[in-house]
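File shown: start-v3.pdb. Contents: PDB, C-alpha atoms, pLDDT in the B column.
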ATOM      1  CA  GLY K 426       0.000   0.000   0.000  1.00 54.00           C
ATOM      2  CA  ASP K 427       0.869   3.666  -0.178  1.00 71.00           C
ATOM      3  CA  GLU K 428       2.638   4.940   2.962  1.00 77.00           C
ATOM      4  CA  ILE K 429       2.403   8.641   2.063  1.00 89.00           C
ATOM      5  CA  TYR K 430       0.266  10.780   4.408  1.00 93.00           C
ATOM      6  CA  SER K 431      -0.536  14.461   4.843  1.00 92.00           C
ATOM      7  CA  LEU K 432      -0.414  16.195   8.223  1.00 92.00           C
ATOM      8  CA  VAL K 433      -3.442  18.035   9.621  1.00 93.00           C
ATOM      9  CA  VAL K 434      -3.712  19.333  13.208  1.00 92.00           C
ATOM     10  CA  LYS K 435      -7.129  20.248  14.568  1.00 92.00           C
ATOM     11  CA  ASN K 436      -8.347  21.711  17.874  1.00 90.00           C
ATOM     12  CA  LEU K 437     -11.052  19.258  18.981  1.00 92.00           C
ATOM     13  CA  ASP K 438     -12.623  21.787  21.372  1.00 93.00           C
ATOM     14  CA  THR K 439     -13.154  24.475  18.732  1.00 95.00           C
ATOM     15  CA  ASN K 440     -12.889  22.427  15.502  1.00 94.00           C
ATOM     16  CA  GLU K 441     -10.299  24.956  14.332  1.00 94.00           C
ATOM     17  CA  VAL K 442      -7.735  23.572  11.913  1.00 93.00           C
ATOM     18  CA  ILE K 443      -4.419  24.697  13.382  1.00 90.00           C
ATOM     19  CA  LEU K 444      -2.216  23.285  10.668  1.00 90.00           C
ATOM     20  CA  GLU K 445      -2.802  21.959   7.179  1.00 90.00           C
ATOM     21  CA  ASP K 446       0.104  21.899   4.757  1.00 86.00           C
ATOM     22  CA  PRO K 447      -0.868  20.268   1.424  1.00 86.00           C
ATOM     23  CA  THR K 448       2.754  20.336   0.268  1.00 89.00           C
ATOM     24  CA  LEU K 449       3.990  18.171   3.167  1.00 90.00           C
ATOM     25  CA  GLU K 450       4.184  14.433   2.523  1.00 91.00           C
ATOM     26  CA  CYS K 451       5.099  12.299   5.520  1.00 94.00           C
ATOM     27  CA  TYR K 452       4.940   8.819   7.032  1.00 94.00           C
ATOM     28  CA  GLY K 453       1.997   7.794   9.222  1.00 91.00           C
ATOM     29  CA  SER K 454       3.802   8.223  12.581  1.00 92.00           C
ATOM     30  CA  VAL K 455       3.522  11.577  14.386  1.00 94.00           C
ATOM     31  CA  VAL K 456       4.596  12.277  17.981  1.00 94.00           C
ATOM     32  CA  TRP K 457       3.632  15.283  20.099  1.00 91.00           C
ATOM     33  CA  GLY K 458       6.281  17.250  21.981  1.00 88.00           C
ATOM     34  CA  GLY K 459       6.479  17.309  25.767  1.00 73.00           C
ATOM     35  CA  ASP K 460       4.615  19.397  28.336  1.00 70.00           C
ATOM     36  CA  LYS K 461       7.081  22.247  27.786  1.00 67.00           C
ATOM     37  CA  ALA K 462       6.698  22.045  24.001  1.00 69.00           C
ATOM     38  CA  GLU K 463       2.992  21.622  23.311  1.00 77.00           C
ATOM     39  CA  ASN K 464       3.317  23.445  19.995  1.00 86.00           C
ATOM     40  CA  ILE K 465       5.806  20.902  18.620  1.00 91.00           C
ATOM     41  CA  VAL K 466       5.231  17.692  16.691  1.00 93.00           C
ATOM     42  CA  TYR K 467       7.790  15.249  15.324  1.00 96.00           C
ATOM     43  CA  TYR K 468       7.226  13.499  12.015  1.00 96.00           C
ATOM     44  CA  LEU K 469       8.972  11.298   9.447  1.00 97.00           C
ATOM     45  CA  LYS K 470       9.710  11.975   5.789  1.00 96.00           C
ATOM     46  CA  LEU K 471      10.062   9.282   3.130  1.00 95.00           C
ATOM     47  CA  ASP K 472      12.657   8.759   0.428  1.00 94.00           C
ATOM     48  CA  ASP K 473      11.830   7.844  -3.182  1.00 92.00           C
ATOM     49  CA  ALA K 474      11.375   4.187  -2.179  1.00 91.00           C
ATOM     50  CA  GLN K 475       8.845   5.273   0.496  1.00 92.00           C
ATOM     51  CA  ARG K 476      11.278   4.353   3.266  1.00 94.00           C
ATOM     52  CA  PRO K 477      11.052   6.558   6.380  1.00 96.00           C
ATOM     53  CA  PHE K 478      14.533   8.046   6.633  1.00 97.00           C
ATOM     54  CA  GLN K 479      14.321  11.569   8.109  1.00 98.00           C
ATOM     55  CA  VAL K 480      12.964  12.858  11.441  1.00 97.00           C
ATOM     56  CA  TRP K 481      11.688  16.444  11.480  1.00 96.00           C
ATOM     57  CA  ARG K 482      10.498  18.817  14.206  1.00 94.00           C
ATOM     58  CA  LYS K 483       7.590  21.144  13.347  1.00 93.00           C
ATOM     59  CA  TYR K 484       6.497  24.219  15.318  1.00 91.00           C
ATOM     60  CA  LEU K 485       2.726  24.510  15.033  1.00 89.00           C
ATOM     61  CA  ASP K 486       2.742  28.237  15.805  1.00 85.00           C
ATOM     62  CA  GLY K 487       5.078  28.916  12.877  1.00 84.00           C
ATOM     63  CA  SER K 488       7.712  30.448  15.154  1.00 86.00           C
ATOM     64  CA  ALA K 489      10.487  28.571  13.316  1.00 89.00           C
ATOM     65  CA  GLU K 490      11.062  26.599  10.163  1.00 92.00           C
ATOM     66  CA  ASP K 491      10.785  22.823  10.263  1.00 93.00           C
ATOM     67  CA  GLU K 492      14.058  21.335  11.500  1.00 94.00           C
ATOM     68  CA  MET K 493      15.559  18.025  10.395  1.00 96.00           C
ATOM     69  CA  LEU K 494      16.927  16.176  13.431  1.00 96.00           C
ATOM     70  CA  PHE K 495      18.019  12.890  11.940  1.00 97.00           C
ATOM     71  CA  GLU K 496      18.708  11.366   8.519  1.00 98.00           C
ATOM     72  CA  GLN K 497      19.385   7.719   7.666  1.00 98.00           C
ATOM     73  CA  LEU K 498      20.840   7.367   4.158  1.00 97.00           C
ATOM     74  CA  ASP K 499      21.571   3.624   4.328  1.00 97.00           C
ATOM     75  CA  ASP K 500      18.635   2.056   2.497  1.00 95.00           C
ATOM     76  CA  LEU K 501      18.895  -1.122   4.594  1.00 96.00           C
ATOM     77  CA  PHE K 502      17.731   0.844   7.644  1.00 98.00           C
ATOM     78  CA  TRP K 503      14.217   2.061   8.408  1.00 97.00           C
ATOM     79  CA  THR K 504      13.601   4.832  10.926  1.00 98.00           C
ATOM     80  CA  GLY K 505      10.818   5.155  13.507  1.00 97.00           C
ATOM     81  CA  ILE K 506       9.795   7.502  16.329  1.00 98.00           C
ATOM     82  CA  GLY K 507       7.973   7.012  19.623  1.00 96.00           C
ATOM     83  CA  LYS K 508       7.891   8.002  23.276  1.00 95.00           C
ATOM     84  CA  SER K 509       8.910   6.205  26.434  1.00 96.00           C
ATOM     85  CA  SER K 510       5.959   4.924  28.469  1.00 96.00           C
ATOM     86  CA  ASP K 511       6.336   7.789  30.960  1.00 95.00           C
ATOM     87  CA  GLU K 512       6.488  10.270  28.029  1.00 93.00           C
ATOM     88  CA  ARG K 513       9.809  11.623  29.264  1.00 94.00           C
ATOM     89  CA  TYR K 514      11.838  10.802  26.154  1.00 95.00           C
ATOM     90  CA  LEU K 515      11.371  10.836  22.404  1.00 96.00           C
ATOM     91  CA  PHE K 516      13.057   7.800  20.864  1.00 98.00           C
ATOM     92  CA  ILE K 517      14.391   7.844  17.308  1.00 98.00           C
ATOM     93  CA  SER K 518      15.165   4.284  16.283  1.00 98.00           C
ATOM     94  CA  THR K 519      16.801   3.112  13.092  1.00 98.00           C
ATOM     95  CA  SER K 520      17.299  -0.552  12.286  1.00 98.00           C
ATOM     96  CA  SER K 521      17.891  -3.221   9.690  1.00 97.00           C
ATOM     97  CA  SER K 522      16.987  -6.880  10.168  1.00 96.00           C
ATOM     98  CA  GLU K 523      20.091  -7.487  12.290  1.00 96.00           C
ATOM     99  CA  THR K 524      21.473  -4.127  13.491  1.00 98.00           C
ATOM    100  CA  SER K 525      19.847  -1.225  15.356  1.00 98.00           C
ATOM    101  CA  GLU K 526      20.570   2.153  16.939  1.00 98.00           C
ATOM    102  CA  VAL K 527      18.450   4.395  19.181  1.00 98.00           C
ATOM    103  CA  HIS K 528      18.710   8.152  19.777  1.00 98.00           C
ATOM    104  CA  TYR K 529      16.760  10.110  22.359  1.00 97.00           C
ATOM    105  CA  ILE K 530      15.625  13.632  23.267  1.00 95.00           C
ATOM    106  CA  ASP K 531      14.543  14.685  26.763  1.00 93.00           C
ATOM    107  CA  LEU K 532      11.053  16.146  26.276  1.00 91.00           C
ATOM    108  CA  LYS K 533      10.830  17.369  29.884  1.00 86.00           C
ATOM    109  CA  ALA K 534      13.938  19.545  29.711  1.00 78.00           C
ATOM    110  CA  ASP K 535      13.784  23.308  29.281  1.00 63.00           C
ATOM    111  CA  ALA K 536      14.266  24.526  25.734  1.00 56.00           C
ATOM    112  CA  ALA K 537      17.583  26.168  26.655  1.00 51.00           C
ATOM    113  CA  ASP K 538      18.854  23.035  28.404  1.00 55.00           C
ATOM    114  CA  THR K 539      21.541  21.020  26.622  1.00 48.00           C
ATOM    115  CA  GLU K 540      19.539  17.884  27.511  1.00 50.00           C
ATOM    116  CA  THR K 541      17.148  18.776  24.672  1.00 66.00           C
ATOM    117  CA  GLU K 542      19.909  17.822  22.255  1.00 85.00           C
ATOM    118  CA  MET K 543      19.595  14.466  20.532  1.00 93.00           C
ATOM    119  CA  LYS K 544      21.877  11.819  22.030  1.00 96.00           C
ATOM    120  CA  CYS K 545      22.611   8.194  21.200  1.00 97.00           C
ATOM    121  CA  VAL K 546      21.936   5.340  23.632  1.00 98.00           C
ATOM    122  CA  ALA K 547      24.539   3.103  21.953  1.00 97.00           C
ATOM    123  CA  LYS K 548      26.199   3.389  18.571  1.00 96.00           C
ATOM    124  CA  ARG K 549      25.274   0.669  16.125  1.00 96.00           C
ATOM    125  CA  ARG K 550      27.310  -2.504  16.177  1.00 97.00           C
ATOM    126  CA  THR K 551      27.015  -5.058  13.375  1.00 96.00           C
ATOM    127  CA  LYS K 552      24.499  -7.815  14.198  1.00 97.00           C
ATOM    128  CA  VAL K 553      23.549  -6.225  17.540  1.00 98.00           C
ATOM    129  CA  LEU K 554      19.861  -5.442  17.966  1.00 98.00           C
ATOM    130  CA  TYR K 555      18.544  -3.453  20.897  1.00 98.00           C
ATOM    131  CA  ASP K 556      15.464  -1.583  22.008  1.00 98.00           C
ATOM    132  CA  VAL K 557      15.023   0.858  24.890  1.00 98.00           C
ATOM    133  CA  GLU K 558      12.415   1.808  27.484  1.00 97.00           C
ATOM    134  CA  HIS K 559      12.807   4.276  30.385  1.00 97.00           C
ATOM    135  CA  TRP K 560      12.120   3.906  34.106  1.00 94.00           C
ATOM    136  CA  ASP K 561      13.150   6.409  36.793  1.00 92.00           C
ATOM    137  CA  GLY K 562      16.476   7.504  35.322  1.00 93.00           C
ATOM    138  CA  HIS K 563      17.384   4.091  33.925  1.00 95.00           C
ATOM    139  CA  TRP K 564      17.259   2.524  30.494  1.00 97.00           C
ATOM    140  CA  ILE K 565      15.477  -0.797  30.259  1.00 97.00           C
ATOM    141  CA  ILE K 566      17.215  -2.543  27.376  1.00 98.00           C
ATOM    142  CA  THR K 567      16.390  -5.645  25.358  1.00 98.00           C
ATOM    143  CA  SER K 568      19.349  -6.792  23.279  1.00 98.00           C
ATOM    144  CA  ASN K 569      21.075  -9.775  21.690  1.00 98.00           C
ATOM    145  CA  VAL K 570      24.493  -8.285  22.468  1.00 98.00           C
ATOM    146  CA  GLU K 571      27.260 -10.921  22.673  1.00 97.00           C
ATOM    147  CA  GLU K 572      25.383 -12.975  20.057  1.00 97.00           C
ATOM    148  CA  THR K 573      22.780 -14.518  22.341  1.00 98.00           C
ATOM    149  CA  PRO K 574      20.109 -16.537  20.477  1.00 97.00           C
ATOM    150  CA  ASN K 575      17.335 -14.549  22.171  1.00 98.00           C
ATOM    151  CA  MET K 576      17.099 -11.075  23.673  1.00 98.00           C
ATOM    152  CA  ARG K 577      18.548 -10.305  27.097  1.00 98.00           C
ATOM    153  CA  LEU K 578      16.938  -7.950  29.620  1.00 98.00           C
ATOM    154  CA  MET K 579      19.508  -5.346  30.676  1.00 97.00           C
ATOM    155  CA  THR K 580      19.721  -1.944  32.322  1.00 95.00           C
ATOM    156  CA  CYS K 581      21.976   1.050  32.880  1.00 94.00           C
ATOM    157  CA  LYS K 582      21.561   4.657  33.960  1.00 94.00           C
ATOM    158  CA  VAL K 583      20.481   7.240  31.401  1.00 95.00           C
ATOM    159  CA  GLY K 584      23.592   8.745  29.843  1.00 94.00           C
ATOM    160  CA  GLU K 585      25.802   5.698  30.379  1.00 95.00           C
ATOM    161  CA  ASP K 586      27.163   3.933  27.307  1.00 94.00           C
ATOM    162  CA  GLU K 587      26.894   0.270  26.328  1.00 96.00           C
ATOM    163  CA  SER K 588      29.926  -0.696  28.429  1.00 96.00           C
ATOM    164  CA  GLN K 589      27.721  -0.158  31.503  1.00 95.00           C
ATOM    165  CA  TRP K 590      24.878  -2.430  30.408  1.00 96.00           C
ATOM    166  CA  LYS K 591      24.120  -5.045  33.074  1.00 95.00           C
ATOM    167  CA  ASP K 592      21.739  -7.998  33.039  1.00 96.00           C
ATOM    168  CA  MET K 593      18.676  -7.376  35.190  1.00 94.00           C
ATOM    169  CA  THR K 594      18.584  -9.838  38.074  1.00 93.00           C
ATOM    170  CA  MET K 595      16.402 -10.917  40.980  1.00 91.00           C
ATOM    171  CA  VAL K 596      17.114 -12.860  44.150  1.00 87.00           C
ATOM    172  CA  ASN K 597      15.332 -16.235  43.935  1.00 84.00           C
ATOM    173  CA  ASP K 598      13.791 -18.358  46.691  1.00 83.00           C
ATOM    174  CA  LYS K 599      17.195 -19.887  47.456  1.00 85.00           C
ATOM    175  CA  GLY K 600      18.703 -16.468  48.089  1.00 84.00           C
ATOM    176  CA  GLU K 601      20.683 -16.639  44.854  1.00 88.00           C
ATOM    177  CA  GLU K 602      20.860 -13.844  42.303  1.00 90.00           C
ATOM    178  CA  GLU K 603      19.653 -14.959  38.883  1.00 92.00           C
ATOM    179  CA  LYS K 604      19.249 -13.231  35.551  1.00 95.00           C
ATOM    180  CA  LEU K 605      15.646 -12.530  34.562  1.00 96.00           C
ATOM    181  CA  PHE K 606      16.190 -13.018  30.812  1.00 97.00           C
ATOM    182  CA  ASP K 607      19.669 -14.196  29.867  1.00 97.00           C
ATOM    183  CA  GLY K 608      19.093 -14.488  26.117  1.00 97.00           C
ATOM    184  CA  GLY K 609      19.302 -18.293  26.192  1.00 96.00           C
ATOM    185  CA  TYR K 610      17.176 -20.847  24.371  1.00 95.00           C
ATOM    186  CA  GLU K 611      14.830 -21.605  27.291  1.00 94.00           C
ATOM    187  CA  ARG K 612      12.861 -18.352  27.150  1.00 95.00           C
ATOM    188  CA  SER K 613      12.514 -15.709  24.454  1.00 97.00           C
ATOM    189  CA  LEU K 614      11.904 -12.033  25.181  1.00 98.00           C
ATOM    190  CA  ASP K 615      10.033  -9.979  22.588  1.00 97.00           C
ATOM    191  CA  HIS K 616       9.035  -6.715  24.284  1.00 96.00           C
ATOM    192  CA  VAL K 617       9.153  -4.855  27.602  1.00 97.00           C
ATOM    193  CA  GLU K 618       6.814  -2.058  28.693  1.00 96.00           C
ATOM    194  CA  ALA K 619       7.371   0.112  31.766  1.00 96.00           C
ATOM    195  CA  PHE K 620       4.787   1.269  34.290  1.00 96.00           C
ATOM    196  CA  GLU K 621       5.202   3.322  37.457  1.00 94.00           C
ATOM    197  CA  LYS K 622       5.650   0.261  39.688  1.00 93.00           C
ATOM    198  CA  TYR K 623       6.136  -2.584  37.217  1.00 95.00           C
ATOM    199  CA  LEU K 624       7.823  -3.864  34.109  1.00 97.00           C
ATOM    200  CA  VAL K 625       5.746  -6.099  31.836  1.00 98.00           C
ATOM    201  CA  ALA K 626       7.570  -8.471  29.508  1.00 98.00           C
ATOM    202  CA  SER K 627       6.165 -10.571  26.689  1.00 97.00           C
ATOM    203  CA  GLY K 628       7.829 -13.508  24.977  1.00 97.00           C
ATOM    204  CA  ARG K 629       7.685 -17.295  24.800  1.00 97.00           C
ATOM    205  CA  PHE K 630       8.356 -20.202  27.148  1.00 96.00           C
ATOM    206  CA  GLY K 631       7.780 -23.826  26.246  1.00 91.00           C
ATOM    207  CA  GLY K 632       6.658 -22.734  22.791  1.00 91.00           C
ATOM    208  CA  ILE K 633       3.685 -20.809  24.234  1.00 95.00           C
ATOM    209  CA  PRO K 634       3.334 -16.997  24.309  1.00 97.00           C
ATOM    210  CA  ARG K 635       3.828 -15.703  27.867  1.00 97.00           C
ATOM    211  CA  VAL K 636       3.536 -12.478  29.849  1.00 98.00           C
ATOM    212  CA  TRP K 637       5.604 -11.708  32.950  1.00 98.00           C
ATOM    213  CA  VAL K 638       4.949  -8.920  35.479  1.00 97.00           C
ATOM    214  CA  MET K 639       8.017  -7.718  37.389  1.00 96.00           C
ATOM    215  CA  ASN K 640       7.565  -5.652  40.557  1.00 94.00           C
ATOM    216  CA  LEU K 641      10.064  -2.825  40.874  1.00 91.00           C
ATOM    217  CA  GLY K 642      11.423  -1.754  44.239  1.00 78.00           C
ATOM    218  CA  GLY K 643      14.354   0.469  45.140  1.00 62.00           C
ATOM    219  CA  GLN K 644      17.635   0.918  43.337  1.00 58.00           C
ATOM    220  CA  GLY K 645      20.218  -1.202  45.095  1.00 54.00           C
ATOM    221  CA  ASP K 646      23.802  -0.410  44.041  1.00 58.00           C
ATOM    222  CA  GLY K 647      22.401   2.197  41.678  1.00 58.00           C
ATOM    223  CA  LEU K 648      20.642  -0.445  39.571  1.00 65.00           C
ATOM    224  CA  LEU K 649      16.999  -1.418  39.394  1.00 79.00           C
ATOM    225  CA  ASP K 650      15.715  -3.761  42.076  1.00 83.00           C
ATOM    226  CA  VAL K 651      13.193  -6.344  40.844  1.00 91.00           C
ATOM    227  CA  THR K 652      11.499  -7.712  43.955  1.00 90.00           C
ATOM    228  CA  LYS K 653       9.194 -10.233  42.283  1.00 92.00           C
ATOM    229  CA  SER K 654       8.572 -11.725  38.838  1.00 94.00           C
ATOM    230  CA  THR K 655       5.268 -13.431  38.048  1.00 95.00           C
ATOM    231  CA  GLN K 656       4.446 -15.386  34.902  1.00 96.00           C
ATOM    232  CA  LEU K 657       0.732 -14.970  34.215  1.00 96.00           C
ATOM    233  CA  SER K 658      -1.165 -18.260  33.981  1.00 95.00           C
ATOM    234  CA  PHE K 659      -4.362 -19.234  32.165  1.00 94.00           C
ATOM    235  CA  ASP K 660      -6.730 -22.212  32.199  1.00 93.00           C
ATOM    236  CA  GLU K 661      -6.104 -23.487  28.673  1.00 93.00           C
ATOM    237  CA  ASP K 662      -3.051 -25.576  27.815  1.00 91.00           C
ATOM    238  CA  ALA K 663      -2.493 -23.773  24.503  1.00 92.00           C
ATOM    239  CA  TYR K 664      -3.330 -20.131  23.820  1.00 94.00           C
ATOM    240  CA  ASP K 665      -2.125 -16.852  22.386  1.00 96.00           C
ATOM    241  CA  VAL K 666      -1.644 -13.886  24.725  1.00 96.00           C
ATOM    242  CA  GLY K 667       0.103 -10.543  24.554  1.00 95.00           C
ATOM    243  CA  VAL K 668       0.211  -7.009  25.908  1.00 95.00           C
ATOM    244  CA  ASN K 669      -2.361  -4.699  24.324  1.00 95.00           C
ATOM    245  CA  VAL K 670      -2.258  -0.890  24.182  1.00 92.00           C
ATOM    246  CA  ASN K 671      -1.924   0.590  27.695  1.00 93.00           C
ATOM    247  CA  TYR K 672      -2.257   4.372  27.901  1.00 91.00           C
ATOM    248  CA  ASN K 673      -1.897   4.884  31.671  1.00 94.00           C
ATOM    249  CA  TYR K 674       1.586   4.806  33.161  1.00 95.00           C
ATOM    250  CA  ASP K 675       0.562   5.093  36.828  1.00 95.00           C
ATOM    251  CA  THR K 676      -1.845   2.154  36.924  1.00 95.00           C
ATOM    252  CA  ASP K 677      -2.176  -1.226  38.610  1.00 93.00           C
ATOM    253  CA  ARG K 678      -4.213  -2.625  35.709  1.00 94.00           C
ATOM    254  CA  LEU K 679      -2.877  -4.235  32.557  1.00 95.00           C
ATOM    255  CA  VAL K 680      -4.695  -4.617  29.243  1.00 95.00           C
ATOM    256  CA  LEU K 681      -3.978  -7.907  27.457  1.00 96.00           C
ATOM    257  CA  TYR K 682      -5.322  -9.652  24.392  1.00 95.00           C
ATOM    258  CA  TYR K 683      -6.112 -13.348  24.806  1.00 95.00           C
TER     259      TYR K 683
END

Kindly present the structure from the file in structure tokens form.
Amino acid sequence: GDEIYSLVVKNLDTNEVILEDPTLECYGSVVWGGDKAENIVYYLKLDDAQRPFQVWRKYLDGSAEDEMLFEQLDDLFWTGIGKSSDERYLFISTSSSETSEVHYIDLKADAADTETEMKCVAKRRTKVLYDVEHWDGHWIITSNVEETPNMRLMTCKVGEDESQWKDMTMVNDKGEEEKLFDGGYERSLDHVEAFEKYLVASGRFGGIPRVWVMNLGGQGDGLLDVTKSTQLSFDEDAYDVGVNVNYNYDTDRLVLYY
């Protein structure tokens, strides 16, 4: 199908069309700016092959020209944009089938703050895939770094580079520290979503789709403290389950599809 869209912004209270630029052709992903930048949206432009390859910032009040923040010229890589679950960071991800890279912008920072500059979580490394979520000053990272067959669950503080990535662990019933997802063959990890008090992971175990809820406590030794991990269970022996769209960050309820 055709991936080319136009961008229209409308005030739903007054029905006033704030922005309509018939000359602008973009991809179907648009992200609003933060609380301190309500007049900003981020959007993607396409190349001649309809591959999203540029990230642009638009000022809805017309106070400045549209600004290109990122450009990916390698046609093996597609580019996407999105926010962290707590809406603190804008993520700009670019990836091929076996290599990825993520940049970020702090949407809560003041406009004059250097933190509003785009920064890279970890420079791309051949055949290393990774994805990023944010929780309380830490990156929650899923990655196949060190050539693991499945994704590992890792963490580091925001601003630290990949040399500081550590596997997320929990103390088990025997008092031993064990890795939550080590990237091995026993369990696969597909996605992690952060909430105010929890991390929710989806993947597979025993060939069946699974969902795990991890309770987050303090930050021992500066790293995240997972106090409990629960694999959700269901009556049927075989089923399909996954995490659906969850809009509320500070909630004790989880929307699943089953």

Exercise for the section: Starting from the displayed file, determine the output of the PyMOL selection byres ((chain K and resi 567) around 8) and express the residue list as a ChimeraX atom specification. Expected result: /K:555-557,565-566,568-569,576-579,614,616-617

Contacts of segment 467-478 of chain K at 9 Å (all atoms listed in the file; same-chain gap of 4+ positions) as a PDB file with C-alpha atoms, keeping the file's coordinate frame:
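Generated output (part.pdb):
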ATOM      1  CA  ASP K 427       0.869   3.666  -0.178  1.00 71.00           C
ATOM      2  CA  GLU K 428       2.638   4.940   2.962  1.00 77.00           C
ATOM      3  CA  ILE K 429       2.403   8.641   2.063  1.00 89.00           C
ATOM      4  CA  LEU K 432      -0.414  16.195   8.223  1.00 92.00           C
ATOM      5  CA  LEU K 449       3.990  18.171   3.167  1.00 90.00           C
ATOM      6  CA  GLU K 450       4.184  14.433   2.523  1.00 91.00           C
ATOM      7  CA  CYS K 451       5.099  12.299   5.520  1.00 94.00           C
ATOM      8  CA  TYR K 452       4.940   8.819   7.032  1.00 94.00           C
ATOM      9  CA  GLY K 453       1.997   7.794   9.222  1.00 91.00           C
ATOM     10  CA  SER K 454       3.802   8.223  12.581  1.00 92.00           C
ATOM     11  CA  VAL K 455       3.522  11.577  14.386  1.00 94.00           C
ATOM     12  CA  VAL K 456       4.596  12.277  17.981  1.00 94.00           C
ATOM     13  CA  TRP K 457       3.632  15.283  20.099  1.00 91.00           C
ATOM     14  CA  GLY K 458       6.281  17.250  21.981  1.00 88.00           C
ATOM     15  CA  ARG K 482      10.498  18.817  14.206  1.00 94.00           C
ATOM     16  CA  LYS K 483       7.590  21.144  13.347  1.00 93.00           C
ATOM     17  CA  PHE K 495      18.019  12.890  11.940  1.00 97.00           C
ATOM     18  CA  GLU K 496      18.708  11.366   8.519  1.00 98.00           C
ATOM     19  CA  GLN K 497      19.385   7.719   7.666  1.00 98.00           C
ATOM     20  CA  LEU K 498      20.840   7.367   4.158  1.00 97.00           C
ATOM     21  CA  ASP K 499      21.571   3.624   4.328  1.00 97.00           C
ATOM     22  CA  ASP K 500      18.635   2.056   2.497  1.00 95.00           C
ATOM     23  CA  PHE K 502      17.731   0.844   7.644  1.00 98.00           C
ATOM     24  CA  TRP K 503      14.217   2.061   8.408  1.00 97.00           C
ATOM     25  CA  THR K 504      13.601   4.832  10.926  1.00 98.00           C
ATOM     26  CA  GLY K 505      10.818   5.155  13.507  1.00 97.00           C
ATOM     27  CA  ILE K 506       9.795   7.502  16.329  1.00 98.00           C
ATOM     28  CA  THR K 519      16.801   3.112  13.092  1.00 98.00           C
TER      29      THR K 519
END

Could the residues of segment 451-532 of chain K that have an atom at most 12 Å from segment 438-443 of chain K be listed as a tab-separated table, each with its closest atom pair and the distance in Å to one decimal, counting only C-alpha atoms and ordered by chain and ascending residue number?
residue	atom	partner	partner_atom	distance
K:Asn464	CA	K:Ile443	CA	10.3
K:Tyr484	CA	K:Ile443	CA	11.1
K:Leu485	CA	K:Ile443	CA	7.3
K:Asp486	CA	K:Ile443	CA	8.3
K:Gly487	CA	K:Ile443	CA	10.4

Practice task
Calculate how many Å separate atom CA of Glu526 of chain K from atom CA of Tyr674 of chain K, rounding to one decimal.
Solution key: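 Calculated distance between atom CA of Glu526 of chain K and atom CA of Tyr674 of chain K is 25.1 Å.
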
Practice task
Could you list the residues chosen by the PyMOL selection byres ((chain K and resi 658) around 12) in this structure as JSON, numbers by chain?
Solution key: {"K": [630, 633, 634, 635, 636, 637, 638, 655, 656, 657, 659, 660, 661, 662, 663, 664, 665, 666, 683]}

Would you compute, for all listed atoms of segment 456-459 of chain K, the axis-aligned bounding box grown by 5 Å on each side, and then report its centre and edge lengths in Å rounded to one decimal, as lines of an AutoDock Vina configuration file?
center_x = 5.1
center_y = 14.8
center_z = 21.9
size_x = 12.8
size_y = 15.0
size_z = 17.8

Exercise for the section: Starting from the point (22.2, 10.7, 33.9), work out which residues of protein, DNA or RNA have an atom no more than 12 Å away when counting all atoms listed in the file; state them as a PyMOL selection string. Expected result: chain K and resi 531+540+544+546+559+561-564+581-586+647

Problem - atom CA of Asp607 of chain K to atom CA of Ser518 of chain K, straight-line distance in Å - result: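 Rounded to one decimal, the two atoms are 23.4 Å apart.
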
Exercise for the section: State, in Å with one decimal place, the distance from atom CA of Glu490 of chain K to atom CA of Val466 of chain K. Expected result: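 So the two atoms, atom CA of Glu490 of chain K and atom CA of Val466 of chain K, lie 12.5 Å apart.
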
Exercise for the section: Given the file shown, enumerate the residues that the PyMOL selection byres ((chain K and resi 604) around 12) captures and present them as a list in words. Expected result: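 Applied to this file, the PyMOL selection byres ((chain K and resi 604) around 12) selects Arg577, Leu578, Met579, Thr580, Lys591, Asp592, Met593, Thr594, Met595, Val596, Asn597, Glu601, Glu602, Glu603, Leu605, Phe606, Asp607, Gly608, Gly609, Arg612, Val651 and Ser654 of chain K.
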
Practice task
Using all atoms listed in the file, pick whichever of K:Ser510, K:Gln589, K:Gln479, K:Asn575 has the shortest atom-to-atom distance to Tyr623 of chain K.
Solution key: K:Ser510
